[in-house]
Amino acid sequence: MNVTVFLGSTLGNDKIYAEEVVKIGKWIAKNGHTLVFGGSREGLMEKLAVTVMQQGGPAIGVQTKYLNDKYGAVENLTTLELVDKMAERITRMIELGDMFIIFPGGVGTLEEAAQVLSRNKLGIIGLKHIAFYNLNGFYDGFKRYLKGMDKMGFGDEKSNKVTHFINSVAEIDNIAQIVVSDINNKKQF
């Protein structure tokens, strides 16, 4: 299964972010999944990819040519796909993903989360599970925002059922088991 992870290109200001992203990387590799991420040789992105690869797992980076020239990509990726524009980058990471983890990050991560939520709601990608890794309440405000949208009639019941706010790798594993089962049974939403 391909697990697309959207996350920061910096480390953040608390070591807990790096510690938790290492746990996710180990989980991805241990379970035989493939990491899909933004390719950057910076911050949490690099830490995640390096962890996956050190544990023997495959990692696919999707990077714009501009960012690749400016910052570089993680070395020795299983695959590095270079695209022209940021919109293409997000689209490609979404196309490759069977499930999504939205880890703490900045406005780029927020943009990616909004894109996958929107495409889920519109049925463009089918209906795929999205797990917001709500480390130390990072996504509490966003969770309230989504609930407010629902309350005001702008939400979507179907996509809400596959949007999760989680606090641990064990919870990711529970969601992944559902996704793998759906893939094996070729369940269509």
# chains A, B, ... in the order shown; residues from 1 in each chain; ligands from 1
>>> select_by_dssp(residues="range 23-129 of chain A", states="strand (DSSP E)", output="list in words")
Thr34, Leu35, Val36, Phe37, Ala59, Ile60, Gly61, Val62, Gln63, Thr64, Thr79, Leu80, Glu81, Leu82, Val83, Met99, Phe100, Ile101 and Ile102 of chain A
>>> closest_residue(among="A:Val162, A:Val179, A:Ala73, A:Leu122", to="Ala49 in chain A", atoms="only C-alpha atoms")
A:Ala73
>>> closest_residue(among="A:Gly126, A:Gly32, A:Pro104, A:Gly39", to="Ile166 in chain A", atoms="only C-alpha atoms")
A:Pro104
>>> residues_around(residues="Gly43 in chain A", least_positions_apart="2", cutoff="6 Å", atoms="only C-alpha atoms", output="mmCIF file with C-alpha atoms, in the first residue's frame")
data_model
loop_
_atom_site.group_PDB
_atom_site.id
_atom_site.type_symbol
_atom_site.label_atom_id
_atom_site.label_comp_id
_atom_site.auth_asym_id
_atom_site.auth_seq_id
_atom_site.Cartn_x
_atom_site.Cartn_y
_atom_site.Cartn_z
ATOM 1 C CA SER A 9 10.037 20.733 5.441
ATOM 2 C CA THR A 10 11.375 22.011 8.782
ATOM 3 C CA LEU A 11 11.765 20.120 12.051
ATOM 4 C CA MET A 45 10.398 15.162 5.143
ATOM 5 C CA GLU A 46 14.020 14.069 5.056
#
>>> residues_around(residues="Lys85 in chain A", least_positions_apart="5", cutoff="9 Å", atoms="only C-alpha atoms", output="MDAnalysis selection string")
chainID A and resid 63:66 90
